[in-house]
>>> print(open('run29.cif').read())   # mmCIF, C-alpha atoms
data_start
loop_
_atom_site.label_atom_id
_atom_site.label_comp_id
_atom_site.auth_asym_id
_atom_site.auth_seq_id
_atom_site.Cartn_x
_atom_site.Cartn_y
_atom_site.Cartn_z
CA MET A 1 0.00 0.00 0.00
CA THR A 2 1.18 3.53 -0.79
CA LEU A 3 0.03 7.06 0.02
CA ARG A 4 -0.33 10.09 -2.24
CA ILE A 5 1.55 13.31 -1.52
CA ARG A 6 -1.67 15.10 -0.60
CA THR A 7 -2.34 12.60 2.18
CA ILE A 8 1.26 12.80 3.42
CA ALA A 9 1.00 16.60 3.60
CA ARG A 10 -2.26 16.44 5.56
CA LEU A 11 -0.93 13.92 8.07
CA THR A 12 2.49 15.46 8.68
CA GLY A 13 1.70 19.16 8.35
CA ILE A 14 4.38 19.50 5.65
CA ARG A 15 3.05 21.20 2.51
CA GLU A 16 3.15 19.40 -0.82
CA ALA A 17 5.36 22.14 -2.26
CA THR A 18 7.80 21.68 0.61
CA LEU A 19 8.00 17.93 0.05
CA ARG A 20 8.72 18.53 -3.65
CA ALA A 21 11.39 21.10 -2.75
CA TRP A 22 13.07 18.64 -0.37
CA GLU A 23 13.01 16.02 -3.10
CA ARG A 24 14.80 18.38 -5.50
CA ARG A 25 17.32 19.73 -2.98
CA TYR A 26 18.08 16.76 -0.73
CA GLY A 27 16.91 13.77 -2.74
CA PHE A 28 14.46 13.14 0.10
CA PRO A 29 11.91 11.69 0.15
CA ARG A 30 12.06 9.28 -2.78
CA PRO A 31 8.54 8.62 -4.02
CA HIS A 32 7.57 6.25 -6.78
CA ARG A 33 5.29 7.20 -9.64
CA ASN A 34 2.01 5.37 -10.20
CA GLU A 35 0.39 4.67 -13.56
CA SER A 36 -1.08 8.16 -13.60
CA ASN A 37 2.39 9.64 -12.88
CA TYR A 38 1.39 10.81 -9.38
CA ARG A 39 3.91 10.64 -6.56
CA VAL A 40 3.19 7.77 -4.17
CA TYR A 41 5.08 6.92 -0.99
CA SER A 42 5.89 3.50 0.45
CA ARG A 43 5.58 2.56 4.11
CA ASP A 44 9.32 3.17 4.61
CA GLU A 45 9.11 6.65 3.09
CA VAL A 46 6.05 7.44 5.21
CA GLU A 47 8.04 6.48 8.32
CA ASN A 48 10.98 8.64 7.26
CA ILE A 49 8.87 11.70 6.45
CA ARG A 50 7.07 11.43 9.79
CA ARG A 51 10.40 11.18 11.62
CA VAL A 52 11.76 14.25 9.82
CA ALA A 53 8.60 16.22 10.62
CA LYS A 54 8.94 15.28 14.30
CA LEU A 55 12.62 16.25 14.46
CA ILE A 56 11.86 19.61 12.84
CA SER A 57 9.11 20.22 15.40
CA GLU A 58 11.74 19.54 18.10
CA GLY A 59 13.98 22.29 16.72
CA LEU A 60 16.29 20.66 14.17
CA ALA A 61 16.98 22.31 10.81
CA VAL A 62 15.56 20.52 7.78
CA SER A 63 18.99 19.42 6.55
CA GLU A 64 19.94 18.10 10.00
CA ALA A 65 16.67 16.22 10.39
CA ILE A 66 16.98 14.56 7.00
CA ALA A 67 20.63 13.65 7.65
CA GLN A 68 19.74 12.12 11.02
CA VAL A 69 16.95 10.01 9.53
CA ARG A 70 19.23 8.83 6.73
CA THR A 71 22.07 7.85 9.05
CA THR A 72 19.86 6.17 11.64
CA PRO A 73 17.29 3.86 10.01
CA VAL A 74 14.24 2.86 12.01
CA GLY A 75 15.75 -0.57 12.61
CA GLU A 76 18.70 0.97 14.48
CA LEU A 77 16.61 3.09 16.86
CA PRO A 78 16.22 2.04 20.53
CA VAL A 79 13.48 -0.56 20.94
CA GLY A 80 10.84 1.84 22.28
CA GLU A 81 11.37 4.43 19.54
CA ARG A 82 11.46 1.75 16.86
CA LEU A 83 8.13 0.35 18.00
CA GLU A 84 6.61 3.85 18.13
CA GLU A 85 7.70 4.57 14.56
CA ARG A 86 6.35 1.24 13.35
CA PHE A 87 3.05 1.96 15.08
CA TRP A 88 2.66 5.39 13.48
CA SER A 89 3.64 4.07 10.08
CA ALA A 90 0.98 1.35 10.33
CA VAL A 91 -1.62 3.88 11.48
CA MET A 92 -0.86 6.23 8.61
CA MET A 93 -1.29 3.31 6.21
CA LEU A 94 -4.54 2.35 8.01
CA ASP A 95 -3.05 -1.08 8.71
CA GLY A 96 -4.87 -1.96 11.92
CA ASP A 97 -3.47 -5.50 12.13
CA GLU A 98 0.13 -4.27 12.01
CA ALA A 99 -0.57 -1.46 14.48
CA ASP A 100 -2.07 -3.93 16.94
CA ARG A 101 0.82 -6.34 16.39
CA VAL A 102 3.28 -3.56 17.33
CA LEU A 103 1.32 -2.82 20.50
CA GLY A 104 1.56 -6.50 21.39
CA GLU A 105 5.32 -6.57 20.80
CA ALA A 106 5.74 -3.53 23.03
CA ARG A 107 3.74 -5.19 25.81
CA ALA A 108 6.07 -8.18 25.71
CA THR A 109 9.07 -5.95 26.47
CA MET A 110 7.64 -3.94 29.43
CA ASP A 111 5.81 -4.37 32.69
CA ALA A 112 2.25 -3.08 32.91
CA GLN A 113 3.07 0.31 34.45
CA ALA A 114 5.87 1.15 32.01
CA TYR A 115 3.75 -0.04 29.08
CA CYS A 116 0.94 2.27 30.15
CA ASP A 117 2.96 5.36 31.15
CA SER A 118 5.94 5.24 28.79
CA PHE A 119 4.40 3.76 25.65
CA LEU A 120 0.62 3.82 25.36
CA MET A 121 -0.11 7.20 26.95
CA PRO A 122 2.54 9.12 24.93
CA LEU A 123 1.05 7.61 21.76
CA LEU A 124 -2.42 8.67 22.86
CA ARG A 125 -1.29 12.23 23.58
CA GLU A 126 0.54 12.57 20.27
CA MET A 127 -2.17 11.31 17.96
CA GLY A 128 -4.40 14.35 18.22
CA MET A 129 -1.74 16.57 16.68
CA ARG A 130 -1.88 15.58 13.02
CA LEU A 131 -3.91 12.42 12.41
CA ASP A 132 -7.13 12.74 10.49
CA ILE A 133 -10.35 11.49 12.04
CA ALA A 134 -10.27 8.00 10.51
CA ARG A 135 -6.71 7.29 11.63
CA GLU A 136 -7.21 8.83 15.06
CA HIS A 137 -10.29 6.70 15.66
CA MET A 138 -8.50 3.51 14.62
CA ALA A 139 -5.37 4.24 16.67
CA SER A 140 -7.18 5.42 19.80
CA ALA A 141 -9.49 2.39 19.72
CA LEU A 142 -6.49 0.03 19.62
CA ILE A 143 -4.77 1.83 22.49
CA ARG A 144 -7.93 1.94 24.60
CA GLN A 145 -8.31 -1.82 24.12
CA ARG A 146 -4.80 -2.34 25.48
CA LEU A 147 -5.36 0.03 28.43
CA ARG A 148 -8.64 -1.67 29.29
CA ALA A 149 -6.94 -5.08 29.18
CA LEU A 150 -4.25 -3.84 31.59
CA LEU A 151 -6.91 -2.52 33.95
CA LEU A 152 -8.93 -5.73 33.91
CA ALA A 153 -5.83 -7.88 34.43
CA GLU A 154 -4.84 -6.02 37.62
CA ASP A 155 -6.18 -7.72 40.75
CA SER A 156 -8.40 -5.72 43.11
CA ARG A 157 -8.03 -5.68 46.88
CA PRO A 158 -11.42 -6.37 48.45
CA GLU A 159 -10.70 -4.11 51.45
CA GLY A 160 -9.47 -1.10 49.44
CA PRO A 161 -11.32 2.21 49.03
CA ARG A 162 -13.70 2.47 46.09
CA VAL A 163 -13.26 5.00 43.27
CA LEU A 164 -15.81 5.73 40.57
CA LEU A 165 -14.22 6.79 37.26
CA ALA A 166 -16.03 8.59 34.45
CA CYS A 167 -15.80 11.20 31.73
CA PRO A 168 -18.53 13.87 31.87
CA GLU A 169 -21.23 13.93 29.23
CA ARG A 170 -20.06 14.65 25.67
CA ASP A 171 -16.48 13.82 26.62
CA MET A 172 -15.57 10.73 24.61
CA HIS A 173 -11.84 10.31 25.35
CA GLU A 174 -11.38 7.76 28.11
CA GLY A 175 -7.72 6.81 27.61
CA GLY A 176 -6.49 8.92 30.52
CA LEU A 177 -9.29 7.58 32.67
CA LEU A 178 -8.20 3.99 31.98
CA ALA A 179 -4.59 4.84 32.85
CA LEU A 180 -5.75 6.47 36.09
CA GLY A 181 -7.75 3.36 36.92
CA LEU A 182 -4.65 1.20 36.48
CA HIS A 183 -2.60 3.47 38.76
CA LEU A 184 -5.26 3.44 41.46
CA LYS A 185 -5.83 -0.29 41.24
CA ARG A 186 -2.10 -0.86 41.74
CA LYS A 187 -2.32 1.36 44.82
CA GLY A 188 -4.98 -0.92 46.31
CA TRP A 189 -8.16 0.87 45.20
CA ARG A 190 -11.25 -0.87 43.92
CA VAL A 191 -12.21 0.68 40.59
CA THR A 192 -15.68 1.09 39.11
CA LEU A 193 -15.31 2.36 35.55
CA LEU A 194 -18.25 4.09 33.89
CA GLY A 195 -16.20 5.37 30.96
CA ALA A 196 -16.93 8.04 28.37
CA ASP A 197 -19.92 10.38 28.03
CA THR A 198 -21.40 9.87 31.50
CA PRO A 199 -24.28 12.23 32.34
CA ALA A 200 -24.91 13.45 35.87
CA GLU A 201 -27.91 11.16 36.38
CA ALA A 202 -25.79 8.12 35.58
CA LEU A 203 -23.26 9.29 38.16
CA ARG A 204 -26.06 9.68 40.71
CA SER A 205 -27.33 6.17 40.08
CA ALA A 206 -23.84 4.66 40.29
CA CYS A 207 -23.04 6.49 43.53
CA GLN A 208 -26.27 5.27 45.11
CA GLN A 209 -25.40 1.72 44.08
CA VAL A 210 -21.69 1.38 44.91
CA HIS A 211 -21.18 4.18 47.52
CA PRO A 212 -17.71 5.21 46.30
CA ASP A 213 -15.15 6.89 48.54
CA LEU A 214 -14.15 9.15 45.66
CA VAL A 215 -15.39 10.14 42.20
CA ALA A 216 -12.75 11.03 39.56
CA LEU A 217 -13.74 12.74 36.31
CA SER A 218 -11.45 13.02 33.28
CA CYS A 219 -12.06 16.05 31.04
CA VAL A 220 -10.31 15.99 27.66
CA ARG A 221 -12.86 17.88 25.56
CA ARG A 222 -12.21 21.63 25.41
CA ARG A 223 -15.06 23.65 26.91
CA GLU A 224 -15.65 27.27 27.80
CA PRO A 225 -15.32 27.92 31.55
CA GLY A 226 -19.06 28.50 31.97
CA GLU A 227 -19.97 25.25 30.25
CA LEU A 228 -17.40 23.29 32.26
CA GLN A 229 -18.65 24.77 35.52
CA GLN A 230 -22.24 23.89 34.61
CA VAL A 231 -21.34 20.29 33.74
CA LEU A 232 -19.24 19.84 36.88
CA SER A 233 -21.81 21.46 39.15
CA ALA A 234 -24.38 18.92 37.99
CA SER A 235 -21.87 16.10 38.55
CA VAL A 236 -20.93 17.32 42.04
CA GLU A 237 -24.59 17.59 43.02
CA ALA A 238 -25.28 14.10 41.68
CA CYS A 239 -22.37 12.59 43.62
CA ALA A 240 -22.87 14.47 46.90
CA PRO A 241 -21.59 14.07 49.53
CA THR A 242 -18.77 12.15 47.85
CA LEU A 243 -15.66 14.15 46.92
CA VAL A 244 -15.35 14.80 43.17
CA VAL A 245 -11.84 15.30 41.73
CA VAL A 246 -11.32 16.45 38.15
CA GLY A 247 -8.30 16.04 35.89
CA GLY A 248 -7.32 16.05 32.24
CA PRO A 249 -6.25 18.61 29.63
CA GLY A 250 -9.79 19.93 29.21
CA ALA A 251 -9.85 20.99 32.86
CA ARG A 252 -6.30 22.21 33.44
CA GLU A 253 -6.91 25.77 32.24
CA HIS A 254 -10.14 26.30 34.14
CA LEU A 255 -9.31 25.78 37.82
CA LYS A 256 -11.62 28.60 38.92
CA ALA A 257 -14.58 26.92 37.20
CA ILE A 258 -13.68 23.59 38.84
CA PHE A 259 -13.47 25.05 42.34
CA SER A 260 -16.62 27.12 41.81
CA ALA A 261 -18.47 23.91 40.92
CA GLY A 262 -17.43 22.39 44.25
CA ALA A 263 -14.88 19.95 42.81
CA GLN A 264 -11.12 19.59 43.30
CA TYR A 265 -8.36 19.28 40.70
CA ALA A 266 -5.52 16.75 40.49
CA GLU A 267 -2.80 16.22 37.87
CA THR A 268 -1.81 12.70 38.95
CA ALA A 269 -3.09 9.65 40.79
CA GLU A 270 -0.84 10.60 43.70
CA GLU A 271 -2.40 14.07 43.97
CA LEU A 272 -5.88 12.55 43.75
CA VAL A 273 -5.18 10.14 46.62
CA LEU A 274 -3.72 12.98 48.70
CA LEU A 275 -6.86 15.09 48.20
CA TRP A 276 -8.98 12.14 49.32
CA GLN A 277 -6.82 11.59 52.39
CA GLN A 278 -7.05 15.27 53.29
CA ALA A 279 -10.83 15.29 52.84
CA ARG A 280 -11.18 12.14 54.92
CA GLY A 281 -9.03 13.64 57.67
CA GLU A 282 -11.15 16.79 57.78
CA SER A 283 -14.32 14.68 57.85
CA ASN A 284 -12.97 12.64 60.77
CA ARG A 285 -12.25 15.83 62.73
CA THR A 286 -15.79 17.21 62.36
#
>>> encode(input="run29.cif", output="structure tokens")
Amino acid sequence: MTLRIRTIARLTGIREATLRAWERRYGFPRPHRNESNYRVYSRDEVENIRRVAKLISEGLAVSEAIAQVRTTPVGELPVGERLEERFWSAVMMLDGDEADRVLGEARATMDAQAYCDSFLMPLLREMGMRLDIAREHMASALIRQRLRALLLAEDSRPEGPRVLLACPERDMHEGGLLALGLHLKRKGWRVTLLGADTPAEALRSACQQVHPDLVALSCVRRREPGELQQVLSASVEACAPTLVVVGGPGAREHLKAIFSAGAQYAETAEELVLLWQQARGESNRT
């Protein structure tokens, strides 16, 4: 399978004219010509163009980036980087089987925590930058499957505190939520996962059923402060009197809205647990 120059430009952010100029000046990339005389790029060339685009975004000059990619083929990269490049190449070619195979190979080289934090989550964060909708959906679905498998494989401690995990309504990105669940489960928490797009009434029903010690909401979708405060206020009311802690890139810039809604904010699982411990200590003193 090959890709046309227009698709390469859309996925890498490098204009078609720029790719043609590189070809003339540096002999890179080296496309083939199809029967209609259009430039088409093989999987290897797709990998190399993506690597050059990434190096340029990190501050290298074009000539330096191209030279580095030429002198260090994908096969000579450290294992983690090599697997990442193979994954992105497969995603760009819409080769779901190969992308999933790469994820499996990575899992075989790492323990669960490293696989989650150092491999899957960086892939998840990077994909929103340039992938089109079709490729993002395919890649994120594969990564979520792996994160969910890690979470389910981790044993629960029957005596641990209970956390209810959800994304607020209209927030469909649950990757960070799954990673948080894995962290908390490894810390001894019992995890009830509601997942993406959870309205306030569903939170209310779940809280009445499982009586969690803590509710954690992951906000990835960008919202205006007023909308976020409205959504969180409804969630806090539904979960009362349980502490609600919010995290995620969609919440980070709107701390005032979070606090005004009656929730708390945490960047990490460690911060979330600390907030719960503080709230429990205050409750015990009253």
>>> resolve_selection(input="run29.cif", expression="the PyMOL selection byres ((chain A and resi 167) around 7)", output="PyMOL selection string")
chain A and resi 166+168-169+171+174+195-198+217-219
>>> resolve_selection(input="run29.cif", expression="the PyMOL selection byres ((chain A and resi 109-124) around 7)", output="VMD selection string")
chain A and resid 105 to 108 125 to 127 140 143 147 150 179
>>> residues_near_point(input="run29.cif", point="(-6.7, 2.0, 44.5)", cutoff="10 Å", atoms="all atoms listed in the file", output="JSON, numbers by chain")
{"A": [156, 157, 160, 161, 162, 163, 180, 181, 182, 183, 184, 185, 186, 187, 188, 189, 190, 191, 269, 273]}
>>> residues_around(input="run29.cif", residues="segment 228-241 of chain A", least_positions_apart="4", cutoff="12 Å", atoms="all atoms listed in the file", output="JSON, numbers by chain")
{"A": [163, 164, 165, 166, 167, 168, 169, 170, 171, 197, 198, 199, 200, 201, 202, 203, 204, 205, 206, 207, 208, 209, 210, 211, 212, 213, 214, 215, 216, 217, 218, 219, 220, 221, 222, 223, 224, 245, 246, 247, 250, 251, 252, 253, 254, 255, 256, 257, 258, 259, 260, 261, 262, 263, 264, 265, 279, 280, 283]}
>>> atom_distance(input="run29.cif", atom1="atom CA of Leu103 of chain A", atom2="atom CA of Arg82 of chain A")
11.7 Å
>>> resolve_selection(input="run29.cif", expression="the PyMOL selection byres ((chain A and resi 11-16) around 7)", output="PDB file with C-alpha atoms, in the coordinates of the input")
ATOM      1  CA  ILE A   5       1.550  13.310  -1.520  1.00  0.00           C
ATOM      2  CA  ARG A   6      -1.670  15.100  -0.600  1.00  0.00           C
ATOM      3  CA  THR A   7      -2.340  12.600   2.180  1.00  0.00           C
ATOM      4  CA  ILE A   8       1.260  12.800   3.420  1.00  0.00           C
ATOM      5  CA  ALA A   9       1.000  16.600   3.600  1.00  0.00           C
ATOM      6  CA  ARG A  10      -2.260  16.440   5.560  1.00  0.00           C
ATOM      7  CA  ALA A  17       5.360  22.140  -2.260  1.00  0.00           C
ATOM      8  CA  THR A  18       7.800  21.680   0.610  1.00  0.00           C
ATOM      9  CA  LEU A  19       8.000  17.930   0.050  1.00  0.00           C
ATOM     10  CA  ARG A  20       8.720  18.530  -3.650  1.00  0.00           C
ATOM     11  CA  ARG A  50       7.070  11.430   9.790  1.00  0.00           C
ATOM     12  CA  ALA A  53       8.600  16.220  10.620  1.00  0.00           C
ATOM     13  CA  ARG A 130      -1.880  15.580  13.020  1.00  0.00           C
ATOM     14  CA  LEU A 131      -3.910  12.420  12.410  1.00  0.00           C
ATOM     15  CA  ASP A 132      -7.130  12.740  10.490  1.00  0.00           C
TER      16      ASP A 132
END
>>> atom_distance(input="run29.cif", atom1="atom CA of Glu35 of chain A", atom2="atom CA of Ala134 of chain A")
26.5 Å
>>> atom_distance(input="run29.cif", atom1="atom CA of Glu98 of chain A", atom2="atom CA of Leu77 of chain A")
18.7 Å
>>> residues_around(input="run29.cif", residues="Ile66 of chain A", least_positions_apart="6", cutoff="12 Å", atoms="only C-alpha atoms", output="PyMOL selection string")
chain A and resi 19+22-23+25-29+45+48-56+60+72-73
>>> closest_residue(input="run29.cif", among="A:Val40, A:Leu83, A:Ala153, A:Leu272", to="Gly104 of chain A", atoms="only C-alpha atoms")
A:Leu83
>>> closest_residue(input="run29.cif", among="A:Val69, A:Ala149, A:Ile133, A:Ala90", to="Met1 of chain A", atoms="all atoms listed in the file")
A:Ala90
>>> closest_residue(input="run29.cif", among="A:Met93, A:Ser57, A:Arg30, A:Arg43", to="Arg70 of chain A", atoms="only C-alpha atoms")
A:Arg30
